[in-house]
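Worksheet: one structure, shown below.
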Amino acid sequence: MSVTDLPKVELHLHIEGAAPPAFIRGLAQEKGVNLTGVFDEQGNYAFTDFWHFLKVYEAATEVLKTPEDFGRLTRAVLEESAANGVIYTEAFLSPDFCGGGDLGAWKEYLHAIEEAARAAEAADGIILKGIVTPVRHFGPEKAKKSALCAAETAGSFITGLGMGGDEKAGKPGDFAYAFDMAREAGLRLTCHAGEWGGPESVRQALDDLRVERIGHGVRAIEDPALVERLAEDGIVLEVCPGSNVALGLYKTWQDHPVERLREAGVKVTVSTDDPPFFHTTMNHEYDRLADTFGWDEGSFAEINLTAARAAFCDEETRAALIKRLEAAND
Ligand SMILES: [Zn+2]
C-alpha cells in the first residue's frame, strides 16, 4: 500500500484556487472572456510571485459569474479531490466573489454550491463544508459584509470563517469586528498567518481574532516561544508545503519546517491551498512528504486524525470520518 492510497482529510482549499485550468478556459470560451496573461504556453496558471499570483487568481475568477458557474466549479473541484483520496474537505468560499458581498446573492450562490456538494457526496462519498473567507486586502469593511453573509448562513454547511488574501495588508486586529460577529453566530475560526508575515502575525491572529486554527502558520518556526505556545494550546496548523515551496517561501521541500514543527509537538495537517496554481495535488503532497521526511503510513494516519478532530463539522460527521480513517489503518 502506498501513502497516496490513504483516505485524506483536507482543511485548507480555496474553491476558485482549486479550479482546473481547463475548466476556467472552457468557461472563458463559453462567455467570450479574454484571459490573456492568465496561462503560460503549457496551459498552466502563470505568475511570478505571491502578489502576481493574487492578480492572476482574481483575473481567472472573473469568468466565474453566476451561481451555476460556482456549482459547476464545485463539482469539478470535488471530483479532483475525490480522485486523490480526499474524503472530507473544507473550502474557502468568498462572498466577494459570489455576489459581491450582497446577502441575497450570496444565498443563491451558496444554494448552487451546496447542491453540487450533495451530488459529489452521493457520487464519490466526499464531504464538503464551507468556510466563509473575507479577503484581507479588500479591507475591514468588506470583511464585515462577508462575516454578515457567514453569520446569516451559518449551519450544517457553512461552519467557519477564515480570512485569506494578502497578509501584509493591515493587521489582524482591524478585522476583529468580522471575527466577533462570526463567533457570536457559532462559527469556528481560522486565519491565514505566518506565511508572508512572521511569528508576530501568528500571535496577533491568536490574540486579536481568537482563532483556533491557523492557515499556514509555518513561520512560527522562527520563534521558539511561539512554537511552544502552539504546541501547548493545541493550535492546529493548516500546512500547505507545496504552496509554500511553489511561491518561494522556502526554496526546497527539505527547507520546509513542517517536520520541525511536528517534532516540536505542534498539531500539523496537510492541505493543497490552490493546487493547480502550485502544480500539486494531495497525492503529490503525500509523495513529497514521504520522500523528503520519511513520513510513513502511520505518520499520515496521525495527521489525518488530527485534521478530522480539528475539522469544522458537526460531531456526527466527525465520528463517521474518524471511523473511516481508522478502518483504513487496520
Ligand atoms: Zn490559503
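Every chain in the C-alpha cells has a letter given in the order shown (A, B, ...), and although residue numbers restart at 1 in each chain, ligands are simply numbered from 1 in the order shown.
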
Skipping near chain neighbours, those fewer than 6 positions away, what residues fall within 9 Å of A:His256 using only C-alpha atoms, listed as an MDAnalysis selection string? chainID A and resid 218 241 244:245 249:250

Just write the chosen residues, C-alpha atoms, as an mmCIF file, in the first residue's frame.
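For reference, out_31.cif as written:
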```
data_model
loop_
_atom_site.group_PDB
_atom_site.id
_atom_site.type_symbol
_atom_site.label_atom_id
_atom_site.label_comp_id
_atom_site.auth_asym_id
_atom_site.auth_seq_id
_atom_site.Cartn_x
_atom_site.Cartn_y
_atom_site.Cartn_z
ATOM 1 C CA VAL A 218 4.722 27.814 9.353
ATOM 2 C CA PRO A 241 4.003 22.700 1.921
ATOM 3 C CA ASN A 244 4.939 27.435 0.223
ATOM 4 C CA VAL A 245 7.642 25.927 -1.990
ATOM 5 C CA LEU A 249 8.629 30.961 0.804
ATOM 6 C CA TYR A 250 11.018 28.012 1.135
#
```

Surroundings of ligand 1 up to 8 Å, based on only C-alpha atoms and all ligand atoms, as a PyMOL selection string: chain A and resi 12-14+164-165+192+215-216+273-274

For the residues selected in the previous step, produce a file with C-alpha atoms as a PDB file, in the first residue's frame.
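So result_31.pdb came out as:
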```pdb
ATOM      1  CA  HIS A  12      -7.348  24.386   3.567  1.00  0.00           C
ATOM      2  CA  LEU A  13      -8.541  24.743  -0.027  1.00  0.00           C
ATOM      3  CA  HIS A  14      -9.694  27.852  -1.891  1.00  0.00           C
ATOM      4  CA  GLY A 164      -7.245  34.834   3.357  1.00  0.00           C
ATOM      5  CA  GLY A 165      -5.606  37.246   0.945  1.00  0.00           C
ATOM      6  CA  HIS A 192      -4.091  32.878   7.266  1.00  0.00           C
ATOM      7  CA  GLY A 215      -3.818  28.857   7.869  1.00  0.00           C
ATOM      8  CA  HIS A 216      -0.139  28.054   7.159  1.00  0.00           C
ATOM      9  CA  ASP A 273      -4.266  25.563  -0.829  1.00  0.00           C
ATOM     10  CA  ASP A 274      -4.673  26.305  -4.586  1.00  0.00           C
TER      11      ASP A 274
END
```

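Compared by their closest atoms to A:Asp208, and using only C-alpha atoms, the residues A:Gln254, A:Gln29, A:Thr190, A:Thr48 rank with A:Thr190 nearest.
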
Can you tell me, as a ChimeraX atom specification, what residues are no more than 8 Å from stretch 145-162 of chain A when counting only C-alpha atoms, ignoring any on the same chain fewer than 2 positions away? /A:92,94-96,101-103,106-107,114,128-134,141-143,164,178-179,181-182,185-192,312-314

Keeping only N, CA and C atoms, take the residues you just selected and write them out as a CSV table (one decimal), in the first residue's frame.
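What follows is the written file again_16.csv:
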```csv
chain,number,residue,atom,x,y,z
A,92,PHE,N,-12.6,27.3,1.3
A,92,PHE,CA,-12.9,28.7,1.5
A,92,PHE,C,-13.8,29.3,0.4
A,94,SER,N,-15.9,32.8,-0.9
A,94,SER,CA,-15.8,34.2,-0.7
A,94,SER,C,-17.0,34.9,-1.2
A,95,PRO,N,-17.8,35.5,-0.3
A,95,PRO,CA,-19.0,36.3,-0.7
A,95,PRO,C,-18.5,37.5,-1.7
A,96,ASP,N,-17.3,37.9,-1.6
A,96,ASP,CA,-16.8,38.9,-2.5
A,96,ASP,C,-16.8,38.4,-4.0
A,101,GLY,N,-20.6,40.4,-2.0
A,101,GLY,CA,-20.9,40.7,-0.6
A,101,GLY,C,-22.4,41.0,-0.3
A,102,ASP,N,-23.2,40.8,-1.3
A,102,ASP,CA,-24.7,41.0,-1.1
A,102,ASP,C,-25.3,39.7,-0.5
A,103,LEU,N,-26.0,39.8,0.6
A,103,LEU,CA,-26.5,38.7,1.3
A,103,LEU,C,-27.5,37.8,0.4
A,106,TRP,N,-25.5,36.1,-2.2
A,106,TRP,CA,-24.7,35.0,-1.6
A,106,TRP,C,-25.5,33.8,-1.4
A,107,LYS,N,-26.7,33.9,-0.9
A,107,LYS,CA,-27.6,32.8,-0.6
A,107,LYS,C,-27.8,32.0,-1.9
A,114,GLU,N,-24.0,24.2,-2.5
A,114,GLU,CA,-24.4,23.1,-1.6
A,114,GLU,C,-25.0,21.9,-2.4
A,128,LEU,N,-18.1,18.0,1.8
A,128,LEU,CA,-17.6,19.3,1.8
A,128,LEU,C,-18.3,20.2,2.8
A,129,LYS,N,-17.5,21.0,3.5
A,129,LYS,CA,-18.0,22.1,4.4
A,129,LYS,C,-17.4,23.4,3.9
A,130,GLY,N,-18.2,24.5,4.1
A,130,GLY,CA,-17.7,25.8,3.6
A,130,GLY,C,-17.3,26.7,4.7
A,131,ILE,N,-16.1,27.3,4.5
A,131,ILE,CA,-15.6,28.3,5.4
A,131,ILE,C,-15.7,29.7,4.7
A,132,VAL,N,-16.4,30.6,5.2
A,132,VAL,CA,-16.5,31.9,4.5
A,132,VAL,C,-15.2,32.7,4.7
A,133,THR,N,-14.7,33.2,3.6
A,133,THR,CA,-13.4,33.9,3.7
A,133,THR,C,-13.4,35.3,3.3
A,134,PRO,N,-13.3,36.2,4.2
A,134,PRO,CA,-13.0,37.6,3.9
A,134,PRO,C,-11.7,37.7,3.3
A,141,GLU,N,-14.0,46.7,5.9
A,141,GLU,CA,-15.5,47.0,5.6
A,141,GLU,C,-16.1,45.8,4.8
A,142,LYS,N,-15.3,45.4,3.8
A,142,LYS,CA,-15.8,44.2,3.0
A,142,LYS,C,-15.8,43.0,3.9
A,143,ALA,N,-14.8,42.9,4.8
A,143,ALA,CA,-14.8,41.7,5.7
A,143,ALA,C,-16.0,41.6,6.5
A,164,GLY,N,-8.4,35.1,4.3
A,164,GLY,CA,-7.2,34.8,3.4
A,164,GLY,C,-6.8,36.1,2.7
A,178,ALA,N,-15.4,41.6,12.3
A,178,ALA,CA,-15.9,40.5,11.5
A,178,ALA,C,-15.8,39.1,12.2
A,179,PHE,N,-14.7,38.9,12.9
A,179,PHE,CA,-14.5,37.6,13.6
A,179,PHE,C,-15.4,37.5,14.8
A,181,MET,N,-18.3,38.8,15.0
A,181,MET,CA,-19.7,38.6,14.5
A,181,MET,C,-19.8,37.1,14.2
A,182,ALA,N,-18.8,36.5,13.6
A,182,ALA,CA,-18.9,35.1,13.2
A,182,ALA,C,-18.9,34.2,14.4
A,185,ALA,N,-22.2,34.0,16.0
A,185,ALA,CA,-23.1,33.2,15.2
A,185,ALA,C,-22.8,31.7,15.3
A,186,GLY,N,-21.8,31.4,16.1
A,186,GLY,CA,-21.5,30.0,16.4
A,186,GLY,C,-20.5,29.4,15.4
A,187,LEU,N,-19.9,30.2,14.6
A,187,LEU,CA,-18.9,29.7,13.6
A,187,LEU,C,-17.6,29.5,14.2
A,188,ARG,N,-16.8,28.5,13.7
A,188,ARG,CA,-15.5,28.2,14.1
A,188,ARG,C,-14.5,29.1,13.3
A,189,LEU,N,-13.3,29.4,13.9
A,189,LEU,CA,-12.5,30.5,13.3
A,189,LEU,C,-11.1,30.0,12.9
A,190,THR,N,-10.6,30.5,11.8
A,190,THR,CA,-9.2,30.3,11.4
A,190,THR,C,-8.8,31.5,10.6
A,191,CYS,N,-7.5,31.7,10.4
A,191,CYS,CA,-7.0,32.9,9.7
A,191,CYS,C,-5.6,32.5,9.1
A,192,HIS,N,-5.4,33.0,7.9
A,192,HIS,CA,-4.1,32.9,7.3
A,192,HIS,C,-3.1,33.8,8.1
A,312,PHE,N,-14.0,21.6,11.1
A,312,PHE,CA,-15.2,22.5,11.5
A,312,PHE,C,-16.5,21.8,11.0
A,313,CYS,N,-16.8,20.7,11.7
A,313,CYS,CA,-18.0,20.0,11.3
A,313,CYS,C,-18.7,19.5,12.6
A,314,ASP,N,-20.0,19.0,12.4
A,314,ASP,CA,-20.8,18.5,13.5
A,314,ASP,C,-20.1,17.2,14.0
```

Taking the DSSP secondary structure from the backbone, can you list the residues of stretch 55-234 of chain A that are strand (DSSP E or B), as number ranges by chain? A: 86-93, 127-132, 135, 154, 158-164, 188-193, 213-216

Considering only C-alpha atoms, return as a PyMOL selection string whatever protein or nucleic-acid residues lie within 8 Å of A:Leu325, sequence-local ones (same chain, fewer than 2 positions apart) excluded. chain A and resi 7-8+301+304-305+321-323+327-329

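For stretch 248-298 of chain A, the set of residues given alpha helix (DSSP H) by DSSP on the backbone reads Val258, Glu259, Arg260, Leu261, Arg262, Glu263, Met282, Asn283, His284, Glu285, Tyr286, Asp287, Arg288, Leu289, Ala290, Asp291, Thr292, Phe293, Glu297 and Gly298 of chain A.
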
Since we have the selection now, will you write its residues out, keeping N, CA and C atoms, as an mmCIF file, in the first residue's frame?
```cif
data_model
loop_
_atom_site.group_PDB
_atom_site.id
_atom_site.type_symbol
_atom_site.label_atom_id
_atom_site.label_comp_id
_atom_site.auth_asym_id
_atom_site.auth_seq_id
_atom_site.Cartn_x
_atom_site.Cartn_y
_atom_site.Cartn_z
ATOM 1 N N VAL A 258 7.742 21.943 8.214
ATOM 2 C CA VAL A 258 6.624 21.120 8.707
ATOM 3 C C VAL A 258 7.092 20.000 9.635
ATOM 4 N N GLU A 259 8.230 19.365 9.314
ATOM 5 C CA GLU A 259 8.715 18.263 10.143
ATOM 6 C C GLU A 259 9.219 18.790 11.493
ATOM 7 N N ARG A 260 9.911 19.938 11.474
ATOM 8 C CA ARG A 260 10.409 20.501 12.736
ATOM 9 C C ARG A 260 9.237 20.919 13.637
ATOM 10 N N LEU A 261 8.184 21.454 13.053
ATOM 11 C CA LEU A 261 7.002 21.832 13.838
ATOM 12 C C LEU A 261 6.360 20.581 14.444
ATOM 13 N N ARG A 262 6.258 19.544 13.643
ATOM 14 C CA ARG A 262 5.655 18.297 14.100
ATOM 15 C C ARG A 262 6.476 17.707 15.245
ATOM 16 N N GLU A 263 7.795 17.719 15.077
ATOM 17 C CA GLU A 263 8.677 17.176 16.126
ATOM 18 C C GLU A 263 8.555 17.973 17.422
ATOM 19 N N MET A 282 -3.233 16.423 -3.565
ATOM 20 C CA MET A 282 -2.996 15.798 -2.264
ATOM 21 C C MET A 282 -2.030 14.616 -2.415
ATOM 22 N N ASN A 283 -2.199 13.824 -3.470
ATOM 23 C CA ASN A 283 -1.280 12.695 -3.658
ATOM 24 C C ASN A 283 0.163 13.172 -3.820
ATOM 25 N N HIS A 284 0.334 14.262 -4.567
ATOM 26 C CA HIS A 284 1.681 14.804 -4.767
ATOM 27 C C HIS A 284 2.281 15.272 -3.444
ATOM 28 N N GLU A 285 1.467 15.951 -2.624
ATOM 29 C CA GLU A 285 1.957 16.407 -1.309
ATOM 30 C C GLU A 285 2.425 15.206 -0.476
ATOM 31 N N TYR A 286 1.595 14.157 -0.462
ATOM 32 C CA TYR A 286 1.932 12.980 0.359
ATOM 33 C C TYR A 286 3.218 12.326 -0.144
ATOM 34 N N ASP A 287 3.342 12.221 -1.462
ATOM 35 C CA ASP A 287 4.556 11.619 -2.029
ATOM 36 C C ASP A 287 5.801 12.424 -1.647
ATOM 37 N N ARG A 288 5.691 13.735 -1.777
ATOM 38 C CA ARG A 288 6.862 14.570 -1.479
ATOM 39 C C ARG A 288 7.210 14.524 0.005
ATOM 40 N N LEU A 289 6.189 14.527 0.857
ATOM 41 C CA LEU A 289 6.448 14.474 2.307
ATOM 42 C C LEU A 289 7.071 13.131 2.697
ATOM 43 N N ALA A 290 6.618 12.052 2.055
ATOM 44 C CA ALA A 290 7.190 10.728 2.327
ATOM 45 C C ALA A 290 8.648 10.697 1.854
ATOM 46 N N ASP A 291 8.901 11.225 0.667
ATOM 47 C CA ASP A 291 10.271 11.238 0.120
ATOM 48 C C ASP A 291 11.199 12.112 0.949
ATOM 49 N N THR A 292 10.699 13.322 1.310
ATOM 50 C CA THR A 292 11.576 14.305 1.952
ATOM 51 C C THR A 292 11.827 13.986 3.420
ATOM 52 N N PHE A 293 10.756 13.618 4.133
ATOM 53 C CA PHE A 293 10.895 13.478 5.591
ATOM 54 C C PHE A 293 10.714 12.032 6.067
ATOM 55 N N GLU A 297 2.969 5.485 6.521
ATOM 56 C CA GLU A 297 1.505 5.409 6.675
ATOM 57 C C GLU A 297 1.041 5.851 8.057
ATOM 58 N N GLY A 298 1.823 5.470 9.077
ATOM 59 C CA GLY A 298 1.474 5.850 10.449
ATOM 60 C C GLY A 298 1.497 7.360 10.635
#
```

Between A:Pro275, A:Glu108, A:Gly234, A:Leu206, which residue has the minimum interatomic distance to A:Ile15, considering only C-alpha atoms?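 The shortest atom-to-atom distance to A:Ile15 comes from A:Pro275.
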
Neighbouring residues of stretch 73-81 of chain A were defined as those with any atom within 9 Å, considering only C-alpha atoms; residues of the same chain fewer than 3 positions away were excluded. Please report them as an MDAnalysis selection string. chainID A and resid 15:16 18:20 23:24 64 68:70 84:89 112:114 116:117 119:121 124 126:128 281:282
